[in-house]
Amino acid sequence: MPLRPFNPSGELVFPLSQHIGKPAKAVVKKNDPVLAGQLIGEADGFVSANVICSCSGKVTAVEKRRTISGQLQECVVVENDGQFTPAADYETRRDLTNLTNRDILDAVKAAGIVGLGGAGFPTHVKLAPKNPDSIRYVIANGAECEPYLTCNDQLMRTKAAEIVEGLELILRLFPNAEGVIGIEKNKPQAIAAMEQAVSGKERMSVRALETKYPQGGEHNLIKVIVGADYPVKMLPADMGCIVDNVGTIYAIQRAVCYGEPLFTHVLTVTGEAIAKPQNFIVRDGTNVRELLEECGGFREDPKKVLAGGPMMGFALGSLEVPVVKTTNGLTCLVEDGVELAQKRVTHCLGCGRCTTVCPTGLLPGLMADAVRKGDYERYEKKLYGLECVACGSCTYICPANRPLTETFKRVKAEIMAQKRAAQAGGNK
Amino acid sequence: MNPTLNLSSGPHVRGKLTTARIMFLVCLTLLPAAAVGVAVYGLHALWIIVASVASAWATEFIFDTLTNRPETWKDGSAVVTGLMLALTLSPSVPLYIPIIGGIFAIGVVKCCFGGLGKNFINPALAARCFLLISFPTAMTEFAVDGVAMATPVAELAAGKAVNITQMFLGTTNGVIGSSVLCLLIGGMILWSLDIIHGQICFSVLGGFTLFMAIFGGQGFDPEFLLAHLCGGGVMIGAFFMATDYVTSPVSRLGQTVYGVLIGVLGALFRICGHAADSFSYSVIVGNLFVPLIDTYVVSKPYAFRKHALRIQRGEPRKTLGKLIPKPVIALTVIALVSGLALSGAFSVTKDTIEKQERAKAAAAYQSVLPGAEDFTFLDHLTADYAGKTYGTDFGNVTINEAVEGKDASGKTIGYGINVTSNEGYEGNVSLTVGVTAEGVVTSISYTNLKETPGKGMLCGEPAFMDQFNNRRVTAFVLNASGDNSIDGVTGATITSKASVNAVNAALDFFANVIRGE
């Protein structure tokens, strides 16, 4: 399914928090005219990111709207004039002869680039670790291990040279690092395209990875490349690694070489319920319903519409929400695995499959048992429960259909809340 | 375009593997062993399997219905329990035994503790032990074609030679599921498919073999070890019983500890206790340790293991070799073990056992003829009687050996005669009788006495043995009043009788063969 640009006709909504960290501050107000590529929300603080308008038109409101996560958040609402007039020339290549590292970081920050793999961590922060010389690997994440999603595969096939140039730009920041492009083996065309693009380049290679969920998880990629896992309290940079999604790297290339901020990205619309599954280059702020209608609507009523893939994606409560930077897929499922599992759940057999599949090496069966007994001490200290990355593998494999991941996410939130409360109490 | 959407936490899709599918696979891998059982032991074995499976399944169905619990009878776990129970029963048990066993396994051990996933010991084995206690005779009688015989493990324990090839194929007398070949193939398939954990089955086998080699009394003798591995449910225990999900630990480390524990206990029980059922008990004892193991023996996540910590500190990585795929290992193991067992090279453990017997016998001769320095075997006299029942008045006895004992000056001081009575309570009783040239019994010494502790074993105490000393009679009589009377051990008439018969046979042999030559 090739990538197809999609220009929406309805109003566009831009949440001011599409990233991890502090929400951006709106720099436009009602009735302001805006252009595609114009800054409408400014990063507020160190860990924050700019928000960019993706169409031309007029701001109709700055108000709380329902977002893709289901929460009400401050959003800039823009009436689309259908022209998509760009704020600047994004087609002419800039002169990069005097480009400094500072210029690269500034361009990335100005473009509002965040991790497009799903987490949305501000990229300019990630690219500025304490000790750039200690970084040994810059890993381009092209694993795309979530089932159903194929947009990054398409991106790598069609924009291989651009991704490689983006990776070269990042490597400039890290003189001792080697660039590794990790792609799962089930994407042979993407591997071939990327291999061709890196041929002759220094400090760069393509690594074909075993097709195995969650291969594209940051922990797993680093484990494959560096040879060891690391605890959640460590950052990838502590392991000498910087991991960026190939989409993010492409956005960096656009931002540095063409001055184009991040307001479009790739997205897969898929699932059994959708009439015509497609890959798009979609504009941020596009209404989810409009995008699904563009795919011919539903062939069959879906039980669930997910932002992201079926493993780690989250379920949408309403279709009247905008696509954000980190939305890399819309998966429309006819069958809800969670609903079926709830009907079939039985006692834990102790089969140990959860242990076998856990990418972190945890003992999910025993963790769930500790939770059942209310023994959070054992959960945290003896079983390392907080190391869970919520990949969902244990729940997927469980023959007894037990809701393991769900339990661990809840318990992690509870324990973290308790810790924060204890800390706050201690500070009084 | 306005669907009602479900809201719930991911993952939103689920794997295809269900409990029912796992149970189906386990049943499938047990079927070859069951088929061989039916082929070897006849149609009655089939009825036992059917009765056991049906009663287990029906019990779960009735329990689910009566208690209004989720319909777990549909997942087939009761079928697996029934099938496993049947495979551990003698092919000659009456049909009420598997039926009672199935009801006990599912009704008491599984359902009463909360159903699938909640039982604390393996239901099939618990039922087997329950039956062993309730119906000791029927459960330990192994008849082939109507002839009751000892199982190979019982014979092995009695120091007799066994045919490993037959044990391996399952054509010897034993439980229905005694085909080691079929169980090995079934187990290996389950392991290749990741249904059972290699950490458990291989550490059971490893622990058992190692302990047997060190403490079994025969050293690293492949014939002896192979014979023990092929008998008494070691295979079904290691691959099908110990690996039962519910009653085994979750972490790999815990599984290894648990496996070794079962293997070692199995070997220990076999060496020191009642041979035939040692493995049933060792697995159950292992099951009881599982909650403890799961509490204290848990593995750390990858990020906290030595290898990862080294790399996190920035030390260079050590590359690991590529792993050999499981099916390849499985096939190699099957081929290797089959080759060894079927080649016939190790089919009989006779030689080693004979060596051991000779050593024991020599010690016995020394004790019954204290002044003797030199022993001459009277093989020319005993050869005619080898392996045959001796005489008509002593029951089923065999003259094994006779020696002439001479002192330092070359003067004959007496004779030692080793006799076996096959009519002990739990097997054979062998003893050596010392007789002076004049026909006076010096003393007796047992070379094999493995009877009931506290009863038959008391025959080995001086109170019984010393009665024979320094008496000269034609034949002793048990519990009589005359000069030739011997007081039997209370409650061990059979062992006492066998001992007296053996002594009498020796005296007869002395009088009529050695003296009459």
# chains A, B, ... in the order shown; residues from 1 in each chain; ligands from 1

$ interface_residues --of "chain A" --to "chain B" --cutoff "8 Å" --atoms "only C-alpha atoms" --output "VMD selection string"
chain A and resid 226 to 231 238 to 239 297 to 298 301 to 305 310 to 318 336 to 338 341 347 to 352 355 360 to 363 365 to 366 382 to 384 391 to 393 395 to 400 405 to 406

$ select_by_dssp --residues "segment 130-199 of chain A" --states "strand (DSSP E or B)" --output "ChimeraX atom specification"
/A:137-142,178-184

$ closest_residue --among "A:Val288, A:Ile104, A:Leu169, A:Leu3" --to "Thr268 of chain A" --atoms "only C-alpha atoms"
A:Leu3

$ atom_distance --atom1 "atom CA of Ala383 of chain B" --atom2 "atom CA of Ser430 of chain B"
17.8 Å

$ residues_around --residues "Met156 of chain A" --least-positions-apart "6" --cutoff "10 Å" --atoms "only C-alpha atoms" --output "MDAnalysis selection string"
chainID A and resid 142 162:164 183 187 189:194 246:247 250

$ closest_residue --among "B:Ala475, B:Ala480, B:Leu183, B:Val435" --to "Phe510 of chain B" --atoms "only C-alpha atoms"
B:Val435

$ closest_atom_pairs --of "segment 170-270 of chain A" --to "segment 321-332 of chain A" --cutoff "8 Å" --atoms "only C-alpha atoms" --output "CSV"
residue,atom,partner,partner_atom,distance
A:Phe263,CA,A:Lys325,CA,7.5
A:Thr264,CA,A:Lys325,CA,7.7
A:His265,CA,A:Lys325,CA,7.0
A:Val266,CA,A:Asn328,CA,6.4
A:Leu267,CA,A:Asn328,CA,4.5
A:Thr268,CA,A:Gly329,CA,4.5
A:Val269,CA,A:Leu330,CA,4.8
A:Thr270,CA,A:Thr331,CA,4.9

$ write_last_selection --atoms "C-alpha atoms" --output "compact mmCIF listing (two decimals), in the first residue's frame"
# COMPACT_ATOMS: atom_id res chain seq x y z
CA PHE A 263 3.15 18.91 10.34
CA THR A 264 2.72 15.81 8.20
CA HIS A 265 3.66 12.23 8.95
CA VAL A 266 2.95 8.71 7.76
CA LEU A 267 -0.01 6.74 9.07
CA THR A 268 -1.63 3.37 8.33
CA VAL A 269 -5.40 2.99 8.31
CA THR A 270 -6.06 -0.72 8.66

$ atom_distance --atom1 "atom CA of Cys27 of chain B" --atom2 "atom CA of Pro91 of chain B"
19.2 Å

$ decode --residues "segment 68-155 of chain A" --atoms "C-alpha atoms" --output "mmCIF file, in the first residue's frame"
data_model
loop_
_atom_site.group_PDB
_atom_site.id
_atom_site.type_symbol
_atom_site.label_atom_id
_atom_site.label_comp_id
_atom_site.auth_asym_id
_atom_site.auth_seq_id
_atom_site.Cartn_x
_atom_site.Cartn_y
_atom_site.Cartn_z
ATOM 1 C CA ILE A 68 -7.196 10.925 20.851
ATOM 2 C CA SER A 69 -6.251 9.798 24.395
ATOM 3 C CA GLY A 70 -9.832 10.493 25.476
ATOM 4 C CA GLN A 71 -8.902 13.448 27.667
ATOM 5 C CA LEU A 72 -10.057 17.043 27.335
ATOM 6 C CA GLN A 73 -7.059 19.164 26.408
ATOM 7 C CA GLU A 74 -6.347 22.706 25.362
ATOM 8 C CA CYS A 75 -6.453 22.783 21.549
ATOM 9 C CA VAL A 76 -6.079 25.308 18.745
ATOM 10 C CA VAL A 77 -9.004 24.880 16.329
ATOM 11 C CA VAL A 78 -8.416 26.074 12.749
ATOM 12 C CA GLU A 79 -10.969 26.612 10.009
ATOM 13 C CA ASN A 80 -9.378 25.148 6.900
ATOM 14 C CA ASP A 81 -9.520 27.326 3.751
ATOM 15 C CA GLY A 82 -8.633 24.325 1.578
ATOM 16 C CA GLN A 83 -5.607 26.097 0.069
ATOM 17 C CA PHE A 84 -2.887 24.669 2.313
ATOM 18 C CA THR A 85 -0.772 27.727 1.601
ATOM 19 C CA PRO A 86 2.675 27.136 3.094
ATOM 20 C CA ALA A 87 4.168 29.658 5.491
ATOM 21 C CA ALA A 88 7.521 29.433 3.710
ATOM 22 C CA ASP A 89 9.206 27.687 0.806
ATOM 23 C CA TYR A 90 9.694 24.066 1.895
ATOM 24 C CA GLU A 91 10.746 22.755 -1.533
ATOM 25 C CA THR A 92 14.105 24.458 -2.062
ATOM 26 C CA ARG A 93 17.116 22.787 -0.540
ATOM 27 C CA ARG A 94 19.068 24.970 1.829
ATOM 28 C CA ASP A 95 22.772 25.633 1.723
ATOM 29 C CA LEU A 96 24.267 23.363 4.391
ATOM 30 C CA THR A 97 27.936 24.229 3.934
ATOM 31 C CA ASN A 98 28.267 26.140 7.211
ATOM 32 C CA LEU A 99 25.876 23.967 9.194
ATOM 33 C CA THR A 100 26.875 23.626 12.852
ATOM 34 C CA ASN A 101 25.651 21.138 15.434
ATOM 35 C CA ARG A 102 23.813 23.977 17.145
ATOM 36 C CA ASP A 103 21.989 24.708 13.855
ATOM 37 C CA ILE A 104 20.828 21.096 13.646
ATOM 38 C CA LEU A 105 19.464 21.077 17.201
ATOM 39 C CA ASP A 106 17.804 24.462 16.692
ATOM 40 C CA ALA A 107 16.175 23.331 13.468
ATOM 41 C CA VAL A 108 14.871 20.178 15.161
ATOM 42 C CA LYS A 109 13.496 22.184 18.053
ATOM 43 C CA ALA A 110 11.893 24.813 15.823
ATOM 44 C CA ALA A 111 10.261 22.112 13.711
ATOM 45 C CA GLY A 112 8.521 20.686 16.786
ATOM 46 C CA ILE A 113 9.874 17.213 16.139
ATOM 47 C CA VAL A 114 8.989 14.516 18.683
ATOM 48 C CA GLY A 115 9.491 10.765 18.694
ATOM 49 C CA LEU A 116 7.073 9.474 16.085
ATOM 50 C CA GLY A 117 7.324 5.865 17.258
ATOM 51 C CA GLY A 118 4.497 6.586 19.644
ATOM 52 C CA ALA A 119 6.009 7.986 22.825
ATOM 53 C CA GLY A 120 6.392 11.560 21.556
ATOM 54 C CA PHE A 121 9.512 12.475 23.512
ATOM 55 C CA PRO A 122 10.856 15.852 22.262
ATOM 56 C CA THR A 123 13.653 14.975 19.847
ATOM 57 C CA HIS A 124 15.830 18.044 20.476
ATOM 58 C CA VAL A 125 16.079 16.933 24.114
ATOM 59 C CA LYS A 126 16.928 13.376 23.158
ATOM 60 C CA LEU A 127 19.649 14.565 20.762
ATOM 61 C CA ALA A 128 21.357 16.597 23.493
ATOM 62 C CA PRO A 129 22.519 14.045 26.100
ATOM 63 C CA LYS A 130 25.009 15.025 28.797
ATOM 64 C CA ASN A 131 27.979 13.418 27.108
ATOM 65 C CA PRO A 132 27.622 13.166 23.307
ATOM 66 C CA ASP A 133 31.046 11.521 23.001
ATOM 67 C CA SER A 134 29.883 8.477 24.973
ATOM 68 C CA ILE A 135 27.205 7.628 22.417
ATOM 69 C CA ARG A 136 28.304 4.560 20.478
ATOM 70 C CA TYR A 137 25.195 3.815 18.465
ATOM 71 C CA VAL A 138 22.535 5.914 16.795
ATOM 72 C CA ILE A 139 19.791 3.424 16.039
ATOM 73 C CA ALA A 140 17.234 4.145 13.346
ATOM 74 C CA ASN A 141 14.168 2.186 14.401
ATOM 75 C CA GLY A 142 12.577 0.697 11.316
ATOM 76 C CA ALA A 143 11.489 -2.510 13.024
ATOM 77 C CA GLU A 144 7.778 -1.650 12.911
ATOM 78 C CA CYS A 145 6.892 -4.722 14.927
ATOM 79 C CA GLU A 146 3.249 -3.907 15.666
ATOM 80 C CA PRO A 147 1.061 -6.181 13.557
ATOM 81 C CA TYR A 148 -1.047 -4.440 10.856
ATOM 82 C CA LEU A 149 1.098 -1.283 10.598
ATOM 83 C CA THR A 150 3.060 -0.824 7.354
ATOM 84 C CA CYS A 151 3.561 2.947 6.930
ATOM 85 C CA ASN A 152 7.196 2.944 8.062
ATOM 86 C CA ASP A 153 7.899 0.080 5.670
ATOM 87 C CA GLN A 154 6.569 2.251 2.862
ATOM 88 C CA LEU A 155 8.493 5.270 4.104
#
